[in-house]
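Visitor: A single structure is presented below for examination.
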Amino acid sequence: MTLWGGRVEGSLDPAVWEFLRADDAELLPYDCEATCVHARRLLDAGILTAAEFEEVETALASLAQDRGAILRSDEDVHSAIERRLGEVGRKIHAGRSRNDQVAAAMRLYVLDACAEARQEIEALALVVLSFAEAEAETLMPGYTHLQRGQPVTLGHHLLAWVEMLDRDRTRFAVAGESAAASPLGAGALAGSTLGLPAPPGQMRNSIDAVADRDFALDYLYAVAVLYTHLSRIGEEIVLWSSGEFGFARLPESAATGSSMMPQKLNPDVAELARGKAGTAIGRLAGLLATVKGLPLAYDRDLQEDKAPVFAARRDVRLGLQALTALVAGLEVNRERMAAAASDPLVLATDAAEALVREGVAFREAHERVAGSVRAGSFSPAGTAAESVAARGAPGPGGVREALAEARARFGGSL
Ligand code: ARG
C-alpha cells in the first residue's frame, strides 16, 4: 500500500510504478535521523506518548543500518520507514509530508558528505605536504604553455596543489553551511495546524524549505571544482610519469599493466581522476537543468537530485583515497628533473632582470636577451639553484616557510 493509497483505486501499472520508484536506499540513516527529530516534535505536542516515542526511537536506530528493509513494493525510503514502524508508524506522518522529509534527509546527507570530503581532502593534502617537504630542494623547470619557463623547486610546485585543495576544503565547508538548516515543519508546503514546536534550525519560509535544492547544487559545485583540480593534478602525474618527461615513476600499488604490452605501467588512476572530472561537471549541469524553471514548491522532478549526489559522494571518497595512495607512492627522478631545469634558456628572464639592475629598461633588456637566444649565443650568468633562491618563494627557503604556514593553516588536522 502506498502512502497515498486512500486516494486512488486499484493498483498502479507496473511500468508506472518502476518509473516512479526512487533509488534512495542511501538516504535511510539520514531519514531515520530526521524522522526521530520529527517524532520528538510529536512527543512535545502530545501527539505521541513517551512510550510511543521510545518505540519509534528504538526502531529507527536499528532500521537506520538495515537497507534490506526497503522492498520493491516501497515507493521510496520514506514509505519504507513508515511501513517498518508498524502501528506507531501510522501516527508519525502527522504534521509532515515527504516533501519536508526528503529535503531534511537530503540536507543531512549532504552535510555528512561535506564533512567526509573535507577529511579525505585533508588526507591527500597531508601526503602532498610531506612530498613537498622531501622535494623542497629538487629543481625542475616551471612551465607555461607546457613550455619550460623558469626554474622552480618541485616543493613549490607541489605547494600549488595544496593551495587548490585548501580552497576545495573551504568550498565543502560552505556547501555544508548551506545544507545545515531544517525544512521540517514546512509539511507539504505550508505547515500544519497541529502547533508542533519548530525543529532546531528551522528554515524561515515553508515554501522555500521544500522547494530549495541550492544546497545540493552547492555540493555538486564543490565536487566539480575539486575534480577539476584532481584532473589537473592527474594530468601532471600522467605527463611526469611518461617516458618523454621521465620525472616520476608510478608506484606499482597504484598503477596498471597492459593486457598486451608486457612492459607497460599505466597511470590509470591519474587518468580516471581526469576523466571523472567530466562526469562531476555533468552532474552539476544536470541538476541545474532539473531545477531550472520548476514552479515552487515541490515537484517530483526534484527526486532527480538523488542519483548525482550519491554518485558524486562515492567518486569523491574513492577518487581522493586512490589519488592519496598514488601520490604517496610516486618516486621522483631528481636527476631527470634537474637536467631539465639546467636548460640554460630557463634563466633568460634572470638575465634580463640582471640588465634591469644595471639600469637598462626592461623592454630593452628583454630585446637584448631575446636577440642572443635567437642567435644561439645566450649563456646564463648563474645556475638554476641560484635563480630559485634569488626569487624567494620558489626556492628551498621559501618552500620551508610556506610549508610551515600551510601546516599551521590546516591546523590540528594535519
Ligand atoms: N521520493 C520523493 C523525492 O525524492 C519524495 C517526495 C515525494 N513527494 C511527493 N509529493 N510525491 O523527491
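In the C-alpha cells, the first chain shown is A, the next is B, and so on; residue numbers restart at 1 for each chain, and ligands run from 1 in the order shown.
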Excluding same-chain residues fewer than 5 positions from Leu217 of chain A, what lies within 10 Å of it counting only C-alpha atoms, as a PyMOL selection string?
Guide: chain A and resi 175+178+212+222-223+283-288+291+305+308-309
Visitor: Using DSSP assignments from the backbone, pull out every residue in segment 92-284 of chain A that falls under strand (DSSP E or B) and give it to me as a VMD selection string.
Guide: chain A and resid 139 to 144 147 to 153 182 202 248 to 249 256 266
Visitor: Got a sec: who's within 12 Å of Leu12 of chain A, counting only C-alpha atoms, leaving out chain neighbours fewer than 4 positions off, as a list in words?
Guide: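 Surrounding residues, per the criterion: Met1, Thr2, Trp4, Gly5, Val8, Val16, Trp17, Glu18, Phe19, Leu20, Arg21, Ser73 and Glu75 of chain A.
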Visitor: Deliver the residues from the most recent selection as a file, using C-alpha atoms, as a compact mmCIF listing (two decimals), in the first residue's frame.
Guide:
# COMPACT_ATOMS: atom_id res chain seq x y z
CA MET A 1 0.00 0.00 0.00
CA THR A 2 1.32 3.43 -0.91
CA TRP A 4 -1.45 7.85 -0.77
CA GLY A 5 -3.37 4.61 -1.40
CA VAL A 8 -6.61 6.11 -5.80
CA VAL A 16 4.46 3.42 -13.89
CA TRP A 17 5.48 2.02 -10.52
CA GLU A 18 9.01 1.23 -11.73
CA PHE A 19 9.31 4.67 -13.24
CA LEU A 20 8.18 6.46 -10.08
CA ARG A 21 10.19 4.48 -7.55
CA SER A 73 6.94 -2.53 -3.16
CA GLU A 75 7.78 3.77 -3.37
Visitor: Which residues come within 9 Å of Ser97 of chain A, counting only C-alpha atoms, excluding same-chain residues fewer than 5 positions away, as a list in words?
Guide: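 Listed by chain and then number, they are Val102, Leu184, Gly185, Ala186, Gly187, Ala188 and Leu189 of chain A.
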Visitor: Distance limit 6 Å, reference ligand 1, atoms considered: only C-alpha atoms and all ligand atoms. Which residues make the cut? Give them as a PyMOL selection string.
Guide: chain A and resi 22+76+98-99+102+300+302-303
Visitor: Would you mind exporting N, CA, C and O atoms of the selected residues as a PDB file, in the first residue's frame?
Guide:
ATOM      1  N   ALA A  22      11.872   5.586  -6.227  1.00  0.00           N
ATOM      2  CA  ALA A  22      13.146   6.285  -6.040  1.00  0.00           C
ATOM      3  C   ALA A  22      14.218   5.280  -5.648  1.00  0.00           C
ATOM      4  O   ALA A  22      13.965   4.373  -4.858  1.00  0.00           O
ATOM      5  N   ASP A  76       9.482   4.669  -1.942  1.00  0.00           N
ATOM      6  CA  ASP A  76      10.762   5.313  -1.637  1.00  0.00           C
ATOM      7  C   ASP A  76      11.130   5.001  -0.188  1.00  0.00           C
ATOM      8  O   ASP A  76      10.391   4.294   0.510  1.00  0.00           O
ATOM      9  N   ARG A  98       6.233  14.012   2.771  1.00  0.00           N
ATOM     10  CA  ARG A  98       7.507  13.539   2.248  1.00  0.00           C
ATOM     11  C   ARG A  98       8.314  14.712   1.671  1.00  0.00           C
ATOM     12  O   ARG A  98       9.519  14.592   1.476  1.00  0.00           O
ATOM     13  N   ASN A  99       7.623  15.814   1.413  1.00  0.00           N
ATOM     14  CA  ASN A  99       8.347  16.956   0.832  1.00  0.00           C
ATOM     15  C   ASN A  99       9.347  17.559   1.808  1.00  0.00           C
ATOM     16  O   ASN A  99      10.497  17.837   1.456  1.00  0.00           O
ATOM     17  N   VAL A 102      11.976  14.539   2.740  1.00  0.00           N
ATOM     18  CA  VAL A 102      13.072  14.234   1.818  1.00  0.00           C
ATOM     19  C   VAL A 102      14.092  15.376   1.806  1.00  0.00           C
ATOM     20  O   VAL A 102      15.307  15.137   1.728  1.00  0.00           O
ATOM     21  N   ARG A 300       7.940  16.569  -8.456  1.00  0.00           N
ATOM     22  CA  ARG A 300       8.593  15.254  -8.408  1.00  0.00           C
ATOM     23  C   ARG A 300       9.925  15.256  -9.173  1.00  0.00           C
ATOM     24  O   ARG A 300      10.772  14.388  -8.955  1.00  0.00           O
ATOM     25  N   LEU A 302      12.253  16.869  -8.516  1.00  0.00           N
ATOM     26  CA  LEU A 302      13.326  17.018  -7.514  1.00  0.00           C
ATOM     27  C   LEU A 302      13.864  15.681  -7.034  1.00  0.00           C
ATOM     28  O   LEU A 302      14.944  15.621  -6.434  1.00  0.00           O
ATOM     29  N   GLN A 303      13.123  14.608  -7.284  1.00  0.00           N
ATOM     30  CA  GLN A 303      13.640  13.279  -6.934  1.00  0.00           C
ATOM     31  C   GLN A 303      14.949  13.006  -7.674  1.00  0.00           C
ATOM     32  O   GLN A 303      15.764  12.193  -7.243  1.00  0.00           O
TER      33      GLN A 303
END
Visitor: Segment 106-117 of chain A: which residues within 10 Å, counting only C-alpha atoms, same-chain residues fewer than 2 positions away excluded, as number ranges by chain?
Guide: A: 26-31, 33-34, 100-104, 119-123, 168-169, 171-183, 213, 215-216, 218-220, 222-223, 226, 305-306, 309-310, 312-314, 316-317, 320
Visitor: Tell me, as an mmCIF file with N, CA and C atoms, in the first residue's frame, which residues lie within 12 Å of Ile47 of chain A, counting only C-alpha atoms; anything in the same chain fewer than 3 positions away does not count.
Guide:
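Contents of around-v2.cif, as written:
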data_model
loop_
_atom_site.group_PDB
_atom_site.id
_atom_site.type_symbol
_atom_site.label_atom_id
_atom_site.label_comp_id
_atom_site.auth_asym_id
_atom_site.auth_seq_id
_atom_site.Cartn_x
_atom_site.Cartn_y
_atom_site.Cartn_z
ATOM 1 N N HIS A 38 11.502 14.588 14.055
ATOM 2 C CA HIS A 38 10.067 14.870 13.912
ATOM 3 C C HIS A 38 9.260 14.184 15.016
ATOM 4 N N ALA A 39 9.654 12.957 15.341
ATOM 5 C CA ALA A 39 8.922 12.219 16.386
ATOM 6 C C ALA A 39 8.987 12.973 17.718
ATOM 7 N N ARG A 40 10.134 13.588 17.964
ATOM 8 C CA ARG A 40 10.274 14.353 19.208
ATOM 9 C C ARG A 40 9.314 15.560 19.205
ATOM 10 N N ARG A 41 9.132 16.149 18.058
ATOM 11 C CA ARG A 41 8.183 17.272 17.969
ATOM 12 C C ARG A 41 6.769 16.768 18.285
ATOM 13 N N LEU A 42 6.441 15.556 17.780
ATOM 14 C CA LEU A 42 5.110 14.988 18.049
ATOM 15 C C LEU A 42 4.951 14.661 19.532
ATOM 16 N N LEU A 43 6.053 14.211 20.134
ATOM 17 C CA LEU A 43 6.029 13.922 21.576
ATOM 18 C C LEU A 43 5.771 15.221 22.351
ATOM 19 N N ASP A 44 6.527 16.269 21.990
ATOM 20 C CA ASP A 44 6.394 17.547 22.693
ATOM 21 C C ASP A 44 4.986 18.128 22.547
ATOM 22 N N ALA A 50 5.096 9.101 25.518
ATOM 23 C CA ALA A 50 6.520 8.842 25.773
ATOM 24 C C ALA A 50 6.861 7.413 25.351
ATOM 25 N N ALA A 51 5.962 6.496 25.610
ATOM 26 C CA ALA A 51 6.227 5.092 25.249
ATOM 27 C C ALA A 51 6.292 4.939 23.726
ATOM 28 N N GLU A 52 5.382 5.628 23.045
ATOM 29 C CA GLU A 52 5.391 5.543 21.572
ATOM 30 C C GLU A 52 6.669 6.163 21.006
ATOM 31 N N PHE A 53 7.066 7.282 21.597
ATOM 32 C CA PHE A 53 8.292 7.931 21.113
ATOM 33 C C PHE A 53 9.482 6.995 21.281
ATOM 34 N N VAL A 88 2.670 2.297 15.194
ATOM 35 C CA VAL A 88 3.010 3.672 15.591
ATOM 36 C C VAL A 88 3.417 4.498 14.365
ATOM 37 N N ARG A 90 1.803 4.688 11.796
ATOM 38 C CA ARG A 90 0.598 5.315 11.251
ATOM 39 C C ARG A 90 0.356 6.689 11.865
ATOM 40 N N LYS A 91 1.073 6.973 12.965
ATOM 41 C CA LYS A 91 0.919 8.287 13.607
ATOM 42 C C LYS A 91 2.011 9.264 13.204
ATOM 43 N N ILE A 92 3.131 8.720 12.701
ATOM 44 C CA ILE A 92 4.364 9.503 12.599
ATOM 45 C C ILE A 92 4.293 10.616 11.552
ATOM 46 N N HIS A 93 3.396 10.460 10.603
ATOM 47 C CA HIS A 93 3.404 11.426 9.490
ATOM 48 C C HIS A 93 2.554 12.666 9.794
ATOM 49 N N ALA A 94 2.004 12.739 11.038
ATOM 50 C CA ALA A 94 1.214 13.922 11.401
ATOM 51 C C ALA A 94 2.100 15.159 11.306
ATOM 52 N N GLY A 95 1.650 16.171 10.609
ATOM 53 C CA GLY A 95 2.368 17.445 10.555
ATOM 54 C C GLY A 95 3.589 17.406 9.659
ATOM 55 N N LEU A 194 -1.209 21.650 13.515
ATOM 56 C CA LEU A 194 -1.055 20.878 14.757
ATOM 57 C C LEU A 194 -0.265 21.597 15.844
ATOM 58 N N GLY A 195 0.298 22.735 15.528
ATOM 59 C CA GLY A 195 1.023 23.509 16.546
ATOM 60 C C GLY A 195 2.255 22.793 17.066
ATOM 61 N N LEU A 196 2.965 22.097 16.173
ATOM 62 C CA LEU A 196 4.184 21.396 16.612
ATOM 63 C C LEU A 196 5.287 22.413 16.862
ATOM 64 N N PRO A 197 6.178 22.124 17.833
ATOM 65 C CA PRO A 197 7.306 23.037 18.054
ATOM 66 C C PRO A 197 8.236 23.033 16.840
#
Visitor: Need the shell around segment 401-406 of chain A: protein/DNA/RNA residues with any atom at most 12 Å away, counting only C-alpha atoms. Skip same-chain ones fewer than 4 positions apart. Format as a CSV table (one decimal) with all heavy atoms, in the first residue's frame?
Guide:
chain,number,residue,atom,x,y,z
A,122,GLU,N,41.9,16.6,3.3
A,122,GLU,CA,43.0,16.8,4.3
A,122,GLU,C,44.0,15.6,4.2
A,122,GLU,O,45.2,15.8,4.3
A,122,GLU,CB,42.4,17.0,5.7
A,122,GLU,CG,41.9,18.4,5.8
A,122,GLU,CD,41.0,18.7,7.0
A,122,GLU,OE1,40.9,17.8,7.9
A,122,GLU,OE2,40.4,19.8,7.0
A,125,ALA,N,46.0,16.2,1.2
A,125,ALA,CA,46.9,17.4,1.4
A,125,ALA,C,48.1,17.1,2.3
A,125,ALA,O,49.2,17.5,2.1
A,125,ALA,CB,46.1,18.6,2.0
A,126,LEU,N,47.8,16.2,3.3
A,126,LEU,CA,48.9,15.8,4.2
A,126,LEU,C,50.0,15.1,3.4
A,126,LEU,O,51.2,15.4,3.6
A,126,LEU,CB,48.4,14.9,5.3
A,126,LEU,CG,49.4,14.2,6.2
A,126,LEU,CD1,50.2,15.2,7.0
A,126,LEU,CD2,48.7,13.3,7.2
A,128,VAL,N,50.6,15.4,0.2
A,128,VAL,CA,51.3,16.3,-0.7
A,128,VAL,C,52.3,17.2,0.1
A,128,VAL,O,53.4,17.5,-0.4
A,128,VAL,CB,50.2,17.2,-1.4
A,128,VAL,CG1,51.0,18.2,-2.4
A,128,VAL,CG2,49.3,16.3,-2.3
A,129,LEU,N,51.9,17.6,1.3
A,129,LEU,CA,52.8,18.4,2.1
A,129,LEU,C,54.1,17.6,2.5
A,129,LEU,O,55.2,18.2,2.4
A,129,LEU,CB,52.1,18.8,3.4
A,129,LEU,CG,51.2,20.0,3.3
A,129,LEU,CD1,50.4,20.3,4.6
A,129,LEU,CD2,51.9,21.3,2.9
A,130,SER,N,54.0,16.4,2.8
A,130,SER,CA,55.2,15.6,3.1
A,130,SER,C,56.0,15.5,1.9
A,130,SER,O,57.3,15.5,1.9
A,130,SER,CB,54.8,14.2,3.6
A,130,SER,OG,53.9,14.3,4.6
A,131,PHE,N,55.4,15.3,0.7
A,131,PHE,CA,56.1,15.2,-0.5
A,131,PHE,C,56.8,16.5,-0.8
A,131,PHE,O,58.0,16.5,-1.2
A,131,PHE,CB,55.0,14.9,-1.6
A,131,PHE,CG,55.4,14.5,-3.0
A,131,PHE,CD1,56.8,14.3,-3.3
A,131,PHE,CD2,54.5,14.4,-4.0
A,131,PHE,CE1,57.2,13.9,-4.5
A,131,PHE,CE2,54.9,14.0,-5.3
A,131,PHE,CZ,56.2,13.8,-5.6
A,132,ALA,N,56.1,17.6,-0.6
A,132,ALA,CA,56.8,18.9,-0.9
A,132,ALA,C,58.0,19.1,0.1
A,132,ALA,O,59.0,19.7,-0.3
A,132,ALA,CB,55.7,20.0,-0.6
A,133,GLU,N,57.8,18.6,1.3
A,133,GLU,CA,58.9,18.8,2.3
A,133,GLU,C,60.2,18.0,1.8
A,133,GLU,O,61.3,18.5,1.8
A,133,GLU,CB,58.5,18.2,3.6
A,133,GLU,CG,59.4,18.5,4.7
A,133,GLU,CD,58.6,18.5,6.1
A,133,GLU,OE1,57.7,17.7,6.2
A,133,GLU,OE2,58.9,19.4,6.9
A,134,ALA,N,59.9,16.8,1.3
A,134,ALA,CA,61.0,15.9,0.8
A,134,ALA,C,61.7,16.5,-0.5
A,134,ALA,O,62.8,16.3,-0.7
A,134,ALA,CB,60.5,14.5,0.5
A,135,GLU,N,60.9,17.3,-1.2
A,135,GLU,CA,61.4,17.8,-2.5
A,135,GLU,C,61.6,19.3,-2.5
A,135,GLU,O,61.5,20.0,-3.5
A,135,GLU,CB,60.4,17.4,-3.6
A,135,GLU,CG,60.1,15.9,-3.7
A,135,GLU,CD,61.3,15.0,-4.0
A,135,GLU,OE1,62.3,15.5,-4.5
A,135,GLU,OE2,61.3,13.8,-3.6
A,136,ALA,N,61.8,19.8,-1.3
A,136,ALA,CA,62.0,21.3,-1.1
A,136,ALA,C,63.2,21.8,-1.9
A,136,ALA,O,63.2,23.0,-2.3
A,136,ALA,CB,62.2,21.6,0.4
A,155,GLY,N,59.1,21.2,-4.7
A,155,GLY,CA,58.3,21.6,-3.5
A,155,GLY,C,57.4,22.7,-3.7
A,155,GLY,O,56.2,22.7,-3.3
A,156,HIS,N,57.8,23.7,-4.4
A,156,HIS,CA,57.0,24.9,-4.7
A,156,HIS,C,55.8,24.5,-5.5
A,156,HIS,O,54.7,24.9,-5.3
A,156,HIS,CB,57.9,26.0,-5.4
A,156,HIS,CG,57.1,27.3,-5.6
A,156,HIS,ND1,56.6,28.0,-4.5
A,156,HIS,CD2,56.9,28.0,-6.7
A,156,HIS,CE1,56.1,29.1,-5.0
A,156,HIS,NE2,56.2,29.1,-6.3
A,157,HIS,N,56.1,23.7,-6.5
A,157,HIS,CA,55.0,23.2,-7.4
A,157,HIS,C,54.0,22.4,-6.6
A,157,HIS,O,52.8,22.6,-6.8
A,157,HIS,CB,55.6,22.4,-8.6
A,157,HIS,CG,54.6,22.1,-9.6
A,157,HIS,ND1,54.6,22.7,-10.9
A,157,HIS,CD2,53.6,21.2,-9.6
A,157,HIS,CE1,53.6,22.2,-11.6
A,157,HIS,NE2,53.0,21.3,-10.8
A,158,LEU,N,54.4,21.6,-5.8
A,158,LEU,CA,53.5,20.7,-5.0
A,158,LEU,C,52.7,21.6,-4.0
A,158,LEU,O,51.5,21.3,-3.8
A,158,LEU,CB,54.3,19.6,-4.3
A,158,LEU,CG,54.9,18.6,-5.2
A,158,LEU,CD1,55.8,17.7,-4.3
A,158,LEU,CD2,53.9,17.8,-5.9
A,159,LEU,N,53.3,22.6,-3.6
A,159,LEU,CA,52.5,23.5,-2.7
A,159,LEU,C,51.4,24.2,-3.4
A,159,LEU,O,50.4,24.6,-2.8
A,159,LEU,CB,53.4,24.5,-2.0
A,159,LEU,CG,54.3,23.9,-0.8
A,159,LEU,CD1,55.4,24.9,-0.4
A,159,LEU,CD2,53.4,23.5,0.3
A,160,ALA,N,51.5,24.3,-4.7
A,160,ALA,CA,50.3,24.8,-5.5
A,160,ALA,C,49.2,23.9,-5.4
A,160,ALA,O,48.0,24.3,-5.3
A,160,ALA,CB,50.7,25.1,-7.0
A,161,TRP,N,49.5,22.6,-5.4
A,161,TRP,CA,48.4,21.6,-5.3
A,161,TRP,C,47.7,21.8,-3.9
A,161,TRP,O,46.5,21.7,-3.8
A,161,TRP,CB,48.9,20.2,-5.4
A,161,TRP,CG,49.5,19.7,-6.7
A,161,TRP,CD1,49.6,20.5,-7.8
A,161,TRP,CD2,50.0,18.4,-7.0
A,161,TRP,NE1,50.2,19.7,-8.8
A,161,TRP,CE2,50.4,18.4,-8.3
A,161,TRP,CE3,50.2,17.2,-6.3
A,161,TRP,CZ2,51.0,17.3,-9.0
A,161,TRP,CZ3,50.7,16.1,-6.9
A,161,TRP,CH2,51.1,16.2,-8.2
A,162,VAL,N,48.5,22.0,-2.9
A,162,VAL,CA,48.0,22.2,-1.5
A,162,VAL,C,47.0,23.4,-1.5
A,162,VAL,O,45.9,23.3,-0.9
A,162,VAL,CB,49.1,22.3,-0.5
A,162,VAL,CG1,48.5,22.7,0.9
A,162,VAL,CG2,49.9,21.0,-0.4
A,163,GLU,N,47.4,24.4,-2.2
A,163,GLU,CA,46.5,25.6,-2.2
A,163,GLU,C,45.2,25.3,-2.8
A,163,GLU,O,44.1,25.7,-2.4
A,163,GLU,CB,47.2,26.8,-2.9
A,163,GLU,CG,48.4,27.4,-2.2
A,163,GLU,CD,48.1,27.9,-0.8
A,163,GLU,OE1,47.1,28.6,-0.7
A,163,GLU,OE2,48.9,27.5,0.1
A,164,MET,N,45.2,24.5,-3.9
A,164,MET,CA,44.0,24.2,-4.6
A,164,MET,C,43.1,23.3,-3.7
A,164,MET,O,41.9,23.6,-3.5
A,164,MET,CB,44.3,23.3,-5.9
A,164,MET,CG,44.9,24.1,-7.0
A,164,MET,SD,46.1,23.2,-8.0
A,164,MET,CE,45.1,22.1,-8.9
A,165,LEU,N,43.7,22.4,-3.0
A,165,LEU,CA,43.0,21.5,-2.1
A,165,LEU,C,42.4,22.3,-0.9
A,165,LEU,O,41.3,22.0,-0.4
A,165,LEU,CB,43.9,20.4,-1.6
A,165,LEU,CG,44.3,19.4,-2.7
A,165,LEU,CD1,45.4,18.4,-2.2
A,165,LEU,CD2,43.1,18.6,-3.2
A,166,ASP,N,43.2,23.3,-0.5
A,166,ASP,CA,42.7,24.1,0.7
A,166,ASP,C,41.4,24.9,0.3
A,166,ASP,O,40.5,24.9,1.1
A,166,ASP,CB,43.8,25.0,1.2
A,166,ASP,CG,43.5,25.6,2.5
A,166,ASP,OD1,42.6,25.1,3.2
A,166,ASP,OD2,44.1,26.6,2.9
A,392,GLY,N,63.1,33.8,-4.0
A,392,GLY,CA,62.4,33.6,-2.7
A,392,GLY,C,61.5,32.4,-2.7
A,392,GLY,O,61.9,31.3,-2.5
A,393,ALA,N,60.2,32.7,-2.9
A,393,ALA,CA,59.2,31.6,-2.6
A,393,ALA,C,59.5,30.3,-3.4
A,393,ALA,O,59.3,29.2,-2.8
A,393,ALA,CB,57.8,32.2,-3.0
A,394,PRO,N,59.9,30.3,-4.6
A,394,PRO,CA,60.1,29.0,-5.3
A,394,PRO,C,61.3,28.3,-4.9
A,394,PRO,O,61.5,27.1,-5.2
A,394,PRO,CB,60.3,29.4,-6.8
A,394,PRO,CG,59.9,30.9,-6.9
A,394,PRO,CD,60.1,31.5,-5.6
A,395,GLY,N,62.2,28.9,-4.1
A,395,GLY,CA,63.4,28.3,-3.6
A,395,GLY,C,63.2,27.5,-2.3
A,395,GLY,O,62.2,27.5,-1.7
A,396,PRO,N,64.2,26.7,-1.9
A,396,PRO,CA,64.1,25.8,-0.8
A,396,PRO,C,63.7,26.6,0.5
A,396,PRO,O,62.9,26.1,1.3
A,396,PRO,CB,65.5,25.2,-0.6
A,396,PRO,CG,66.1,25.3,-2.0
A,396,PRO,CD,65.5,26.5,-2.6
A,397,GLY,N,64.3,27.8,0.7
A,397,GLY,CA,63.9,28.5,1.9
A,397,GLY,C,62.5,28.9,1.9
A,397,GLY,O,61.7,28.8,2.9
A,410,PHE,N,46.3,24.4,8.1
A,410,PHE,CA,45.5,23.2,8.2
A,410,PHE,C,45.3,22.8,9.7
A,410,PHE,O,44.5,21.8,9.9
A,410,PHE,CB,46.1,22.0,7.4
A,410,PHE,CG,45.8,22.1,5.9
A,410,PHE,CD1,46.4,22.9,5.1
A,410,PHE,CD2,44.7,21.3,5.4
A,410,PHE,CE1,46.0,23.0,3.7
A,410,PHE,CE2,44.4,21.3,4.1
A,410,PHE,CZ,45.0,22.2,3.2
A,411,GLY,N,45.9,23.5,10.6
A,411,GLY,CA,45.6,23.3,12.0
A,411,GLY,C,45.9,21.9,12.5
A,411,GLY,O,46.8,21.2,11.9
A,412,GLY,N,45.2,21.5,13.5
A,412,GLY,CA,45.4,20.2,14.1
A,412,GLY,C,45.1,19.1,13.1
A,412,GLY,O,45.5,17.9,13.3
A,413,SER,N,44.4,19.4,12.0
A,413,SER,CA,44.0,18.3,11.1
A,413,SER,C,45.2,17.7,10.3
A,413,SER,O,45.0,16.6,9.8
A,413,SER,CB,43.0,18.9,10.1
A,413,SER,OG,43.5,20.0,9.4
A,414,LEU,N,46.3,18.4,10.3
A,414,LEU,CA,47.4,17.8,9.5
A,414,LEU,C,48.6,17.4,10.4
A,414,LEU,O,49.1,18.2,11.2
A,414,LEU,CB,47.9,18.7,8.4
A,414,LEU,CG,47.0,18.9,7.2
A,414,LEU,CD1,47.7,19.7,6.1
A,414,LEU,CD2,46.6,17.5,6.7
Visitor: May I ask for the distance between atom CA of Leu355 of chain A and atom CA of Ala341 of chain A, given in Å to one decimal place?
Guide: 22.0 Å
Visitor: In Å, with one decimal, what is the gap from atom CA of Leu272 of chain A to atom CA of Ser253 of chain A?
Guide: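 Here the two named atoms are 15.6 Å from each other.
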Visitor: In Å to one decimal, how far is atom CA of Gly398 of chain A from atom CA of Arg167 of chain A?
Guide: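 The value is 20.8 Å.
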Visitor: Mind checking DSSP for segment 224-355 of chain A and telling me the helix (DSSP H, G or I) residues as number ranges by chain?
Guide: A: 224-240, 252-254, 268-291, 300-329, 334-341, 344-355
